[in-house]
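Enquirer: Pasting final_8.txt below, which is compact mmCIF, C-alpha atoms.
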```txt
# COMPACT_ATOMS: atom_id res chain seq x y z
CA MET A 342 11.34 45.49 -44.78
CA TYR A 343 9.09 44.20 -47.51
CA ALA A 344 5.60 45.24 -48.57
CA VAL A 345 2.57 43.01 -48.97
CA ILE A 346 -0.74 44.21 -50.40
CA LEU A 347 -3.64 42.66 -48.50
CA GLY A 348 -7.17 43.74 -49.41
CA GLY A 349 -5.94 47.04 -50.82
CA ILE A 350 -3.88 47.80 -47.69
CA ILE A 351 -0.11 47.93 -47.91
CA LEU A 352 1.56 46.17 -44.98
CA CYS A 353 5.26 46.70 -44.30
CA LEU A 354 6.73 43.64 -42.65
CA PRO A 355 10.23 43.09 -41.28
CA CYS A 356 12.29 40.70 -43.31
CA ILE A 357 15.06 38.71 -41.69
CA VAL A 358 17.18 37.35 -44.47
CA ASN A 359 19.80 34.72 -43.90
CA ALA A 360 18.40 33.70 -40.51
CA GLY A 361 18.76 30.33 -38.81
CA ASN A 362 17.44 28.52 -35.77
CA ILE A 363 19.05 27.20 -32.61
CA LYS A 364 17.53 24.17 -30.94
CA GLY A 365 18.50 21.52 -28.45
CA THR A 366 17.97 20.13 -24.98
CA VAL A 367 19.17 20.88 -21.48
CA LYS A 368 19.72 18.02 -19.04
CA VAL A 369 20.79 17.97 -15.39
CA LEU A 370 22.41 15.50 -13.02
CA GLY A 371 20.11 12.94 -11.40
CA GLY A 372 17.06 13.99 -13.39
CA LYS A 373 16.50 17.07 -11.24
CA ASN A 374 13.85 19.59 -12.23
CA ILE A 375 14.99 21.63 -15.23
CA GLU A 376 12.20 24.17 -15.06
CA TYR A 377 13.26 27.84 -15.26
CA THR A 378 16.13 27.30 -17.73
CA LEU A 379 16.83 30.26 -19.99
CA MET A 380 18.71 30.07 -23.28
CA TYR A 381 19.97 33.29 -24.88
CA ILE A 382 22.42 34.81 -27.35
CA GLU A 383 24.87 36.82 -25.26
CA LYS A 384 25.38 39.71 -27.69
CA VAL A 385 24.54 40.65 -31.26
CA GLU A 386 27.22 43.12 -32.37
CA GLU A 387 26.48 46.43 -34.09
CA ARG A 388 22.72 46.20 -33.54
CA SER A 389 20.36 47.75 -31.07
CA PHE A 390 16.92 46.45 -30.20
CA PRO A 391 14.03 48.60 -29.00
CA PRO A 392 12.07 47.34 -25.99
CA PRO A 393 8.62 45.86 -26.66
CA ALA A 394 5.58 48.14 -26.80
CA LYS A 395 3.78 45.95 -24.25
CA ASN A 396 5.37 45.75 -20.80
CA PRO A 397 6.48 42.33 -19.53
CA VAL A 398 4.72 41.33 -16.29
CA MET A 399 6.06 39.92 -13.00
CA ASP A 400 2.90 39.17 -11.01
CA GLN A 401 2.36 38.19 -7.37
CA ILE A 402 -0.13 35.35 -6.96
CA ARG A 403 -0.66 33.11 -3.91
CA MET A 404 2.50 34.52 -2.30
CA THR A 405 4.60 33.60 -5.34
CA PHE A 406 6.25 35.71 -8.03
CA VAL A 407 4.89 34.60 -11.42
CA PRO A 408 6.89 33.73 -13.47
CA HIS A 409 9.87 32.65 -11.38
CA VAL A 410 12.28 33.66 -14.18
CA LEU A 411 11.44 36.53 -16.53
CA PRO A 412 13.76 37.37 -19.45
CA VAL A 413 13.38 40.93 -20.77
CA LEU A 414 15.07 43.13 -23.33
CA ALA A 415 17.23 45.99 -21.99
CA GLY A 416 15.15 49.17 -21.83
CA SER A 417 11.97 47.27 -20.97
CA THR A 418 9.60 48.53 -18.30
CA VAL A 419 8.27 45.64 -16.21
CA ASP A 420 4.83 45.79 -14.56
CA PHE A 421 4.62 44.43 -10.99
CA PRO A 422 0.90 43.94 -10.25
CA ASN A 423 -0.22 42.60 -6.90
CA SER A 424 -2.89 40.06 -7.87
CA ASP A 425 -2.84 38.50 -4.41
CA SER A 426 -5.24 39.03 -1.52
CA THR A 427 -2.45 40.30 0.75
CA ARG A 428 0.00 43.21 0.74
CA HIS A 429 3.40 42.64 -0.86
CA ASN A 430 6.71 44.40 -1.26
CA VAL A 431 9.00 44.01 -4.26
CA PHE A 432 12.66 44.91 -3.95
CA SER A 433 16.03 44.00 -5.42
CA PRO A 434 19.50 44.31 -3.86
CA SER A 435 21.11 43.43 -7.24
CA LYS A 436 23.95 45.48 -8.75
CA THR A 437 22.19 45.39 -12.12
CA LYS A 438 19.17 47.28 -10.72
CA LYS A 439 18.61 48.14 -7.06
CA PHE A 440 15.08 49.23 -6.21
CA ASN A 441 12.38 49.00 -3.56
CA LEU A 442 8.73 49.46 -4.56
CA GLY A 443 7.52 49.57 -0.97
CA THR A 444 4.56 47.63 0.39
CA TYR A 445 1.36 47.85 -1.64
CA PRO A 446 -2.09 46.22 -1.59
CA ALA A 447 -3.95 43.97 -4.02
CA GLY A 448 -5.04 45.58 -7.28
CA ILE A 449 -2.10 47.99 -7.50
CA THR A 450 0.57 47.79 -10.24
CA LYS A 451 3.99 49.39 -9.93
CA ARG A 452 6.62 49.64 -12.70
CA VAL A 453 10.40 49.56 -13.05
CA THR A 454 12.51 50.19 -16.17
CA PHE A 455 15.60 47.99 -16.63
CA GLU A 456 18.28 49.75 -18.67
CA LYS A 457 21.36 47.65 -17.88
CA THR A 458 21.92 43.98 -18.81
CA GLY A 459 22.39 41.41 -16.07
CA VAL A 460 20.61 39.34 -13.44
CA VAL A 461 18.15 41.01 -11.07
CA SER A 462 17.04 39.00 -8.03
CA LEU A 463 13.62 39.86 -6.60
CA LEU A 464 12.47 39.50 -3.01
CA CYS A 465 9.50 40.45 -0.84
CA ASN A 466 10.28 41.72 2.65
CA VAL A 467 6.75 40.81 3.79
CA HIS A 468 7.08 37.14 2.73
CA ALA A 469 10.64 35.81 3.03
CA GLU A 470 9.82 32.69 0.97
CA MET A 471 9.12 34.76 -2.15
CA SER A 472 11.92 35.08 -4.72
CA ALA A 473 12.29 35.40 -8.47
CA PHE A 474 14.70 36.58 -11.17
CA ILE A 475 14.62 39.01 -14.06
CA LEU A 476 17.35 38.59 -16.68
CA VAL A 477 17.88 41.77 -18.66
CA LEU A 478 19.27 40.86 -22.10
CA GLN A 479 20.86 42.80 -24.98
CA ASN A 480 18.82 41.22 -27.78
CA PRO A 481 15.52 39.41 -28.38
CA TYR A 482 17.11 36.04 -29.21
CA PHE A 483 16.16 34.15 -26.05
CA THR A 484 13.71 31.49 -24.88
CA MET A 485 12.81 29.43 -21.85
CA ALA A 486 13.31 25.67 -22.16
CA ASP A 487 10.15 23.62 -21.62
CA LYS A 488 9.73 21.16 -18.74
CA LYS A 489 11.39 18.42 -20.80
CA GLY A 490 14.42 20.65 -21.38
CA THR A 491 13.87 21.30 -25.08
CA TYR A 492 14.24 24.76 -26.55
CA ARG A 493 14.24 26.64 -29.86
CA ILE A 494 15.35 30.17 -30.74
CA ALA A 495 14.07 31.14 -34.19
CA ASP A 496 15.23 33.62 -36.84
CA VAL A 497 18.72 34.33 -35.48
CA PRO A 498 20.73 36.37 -38.03
CA THR A 499 23.73 34.63 -39.57
CA GLY A 500 26.96 35.10 -37.66
CA GLU A 501 29.07 33.81 -34.80
CA TYR A 502 27.65 34.08 -31.30
CA THR A 503 27.92 32.85 -27.74
CA LEU A 504 24.85 30.86 -26.64
CA VAL A 505 24.32 30.92 -22.87
CA VAL A 506 22.23 28.61 -20.68
CA TRP A 507 21.17 30.10 -17.33
CA HIS A 508 19.37 28.50 -14.41
CA PRO A 509 18.84 29.94 -10.91
CA LYS A 510 20.32 26.87 -9.17
CA PHE A 511 22.98 25.68 -11.61
CA LYS A 512 26.22 27.14 -12.94
CA SER A 513 25.75 28.94 -16.27
CA LYS A 514 27.37 27.45 -19.36
CA ASN A 515 27.97 28.74 -22.85
CA SER A 516 28.86 27.51 -26.29
CA LYS A 517 30.24 29.25 -29.38
CA ILE A 518 27.90 28.80 -32.33
CA ASN A 519 27.87 29.73 -36.00
CA ILE A 520 24.50 30.42 -37.61
CA GLN A 521 24.36 29.71 -41.33
CA GLN A 522 21.58 30.97 -43.55
CA GLU A 523 18.25 29.19 -43.24
CA GLY A 524 19.65 26.26 -41.28
CA SER A 525 19.38 24.90 -37.77
CA VAL A 526 22.13 24.48 -35.22
CA THR A 527 21.62 21.91 -32.47
CA VAL A 528 23.27 22.65 -29.13
CA ASP A 529 22.68 20.38 -26.13
CA PHE A 530 23.77 21.31 -22.61
CA PHE A 531 24.38 19.26 -19.47
CA LEU A 532 24.09 21.33 -16.27
CA ASP A 533 25.85 20.47 -13.04
CA GLU A 534 26.31 22.33 -9.79
```
Re-express the file's structure as structure tokens.

Expert:
Amino acid sequence: MYAVILGGIILCLPCIVNAGNIKGTVKVLGGKNIEYTLMYIEKVEERSFPPPAKNPVMDQIRMTFVPHVLPVLAGSTVDFPNSDSTRHNVFSPSKTKKFNLGTYPAGITKRVTFEKTGVVSLLCNVHAEMSAFILVLQNPYFTMADKKGTYRIADVPTGEYTLVVWHPKFKSKNSKINIQQEGSVTVDFFLDE
């Protein structure tokens, strides 16, 4: 932590020393859609990370889960509002977190806390076409690639890590990386089925 005096008020700000960035691109065979690609550091040893104060949200809009892929930190409580004009049900048969929120109408929000890391698939038993994923991660060093496949994870502490790329339709891949102080590491991935 370091202190800054701003207008007579002392602010304590976190200080990440010796941090670097990870950047790169993700490409797929035949130019297929690369939307929903998640990049994350698998594990940061000997550190724990508190969940965010504000709950992540997995909404239901026009009979679609929004977003389709939601990365969250372990311990996070996710809000599941029904912003649609119809009743929905949210459930997961996943080993990481099995739950069933039941069927509920528009304007209602239900919540689930995700303690264990892993992939959680979401379904709606009212609308079979609805599906989504929550990835529960050990640390906050993750990002979604943009529609062009580019990504950037900032302020990763120095050290050796495993960088993972995850997509709901493609096989996951990983790469060993070494973050040096105040530098950038470029890691490009090519996904195939």

Enquirer: I'd like the contact shell of segment 468-482 of chain A - 7 Å cut-off, all atoms listed in the file, skipping same-chain residues fewer than 4 positions apart - returned as a list in words.

Expert: Tyr381, Ile382, Lys384, Val385, Phe390, Met404, Thr405, Phe406, His409, Val410, Leu411, Pro412, Val413, Leu414, Ala415, Phe455, Lys457, Thr458, Gly459, Val460, Val461, Ser462, Leu463, Leu464, Ile494 and Val497 of chain A

Enquirer: Please determine, counting all atoms listed in the file, which residue among A:Thr491, A:Thr499, A:Ser435, A:Thr444 has the shortest atom-to-atom distance to Val528 of chain A.

Expert: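 Answer, going by the shortest atom-to-atom distance: A:Thr491.
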
Enquirer: Counting all atoms listed in the file, find residues at most 8 Å from (22.5, 20.1, -21.9) (file frame) and give them as number ranges by chain.

Expert: A: 365-369, 528-532

Enquirer: Rounded to one decimal place, report the atom CA of Val467 of chain A-atom CA of Ile402 of chain A distance in Å.

Expert: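 That distance, rounded to one decimal, is 13.9 Å.
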
Enquirer: Can you tell me which residues surround Val407 of chain A at a distance of at most 9 Å, considering all atoms listed in the file, apart from same-chain residues fewer than 6 positions away, and format the answer as an mmCIF file with C-alpha atoms, keeping the file's coordinate frame?

Expert:
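Written output follows (out_19.cif):
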```cif
data_model
loop_
_atom_site.group_PDB
_atom_site.id
_atom_site.type_symbol
_atom_site.label_atom_id
_atom_site.label_comp_id
_atom_site.auth_asym_id
_atom_site.auth_seq_id
_atom_site.Cartn_x
_atom_site.Cartn_y
_atom_site.Cartn_z
ATOM 1 C CA VAL A 398 4.720 41.330 -16.290
ATOM 2 C CA MET A 399 6.060 39.920 -13.000
ATOM 3 C CA ASP A 400 2.900 39.170 -11.010
ATOM 4 C CA GLN A 401 2.360 38.190 -7.370
ATOM 5 C CA ALA A 473 12.290 35.400 -8.470
#
```

Enquirer: Grab the atom CA of Thr503 of chain A to atom CA of Glu523 of chain A distance for me, in Å with one decimal place.

Expert: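 A separation of 18.6 Å between them.
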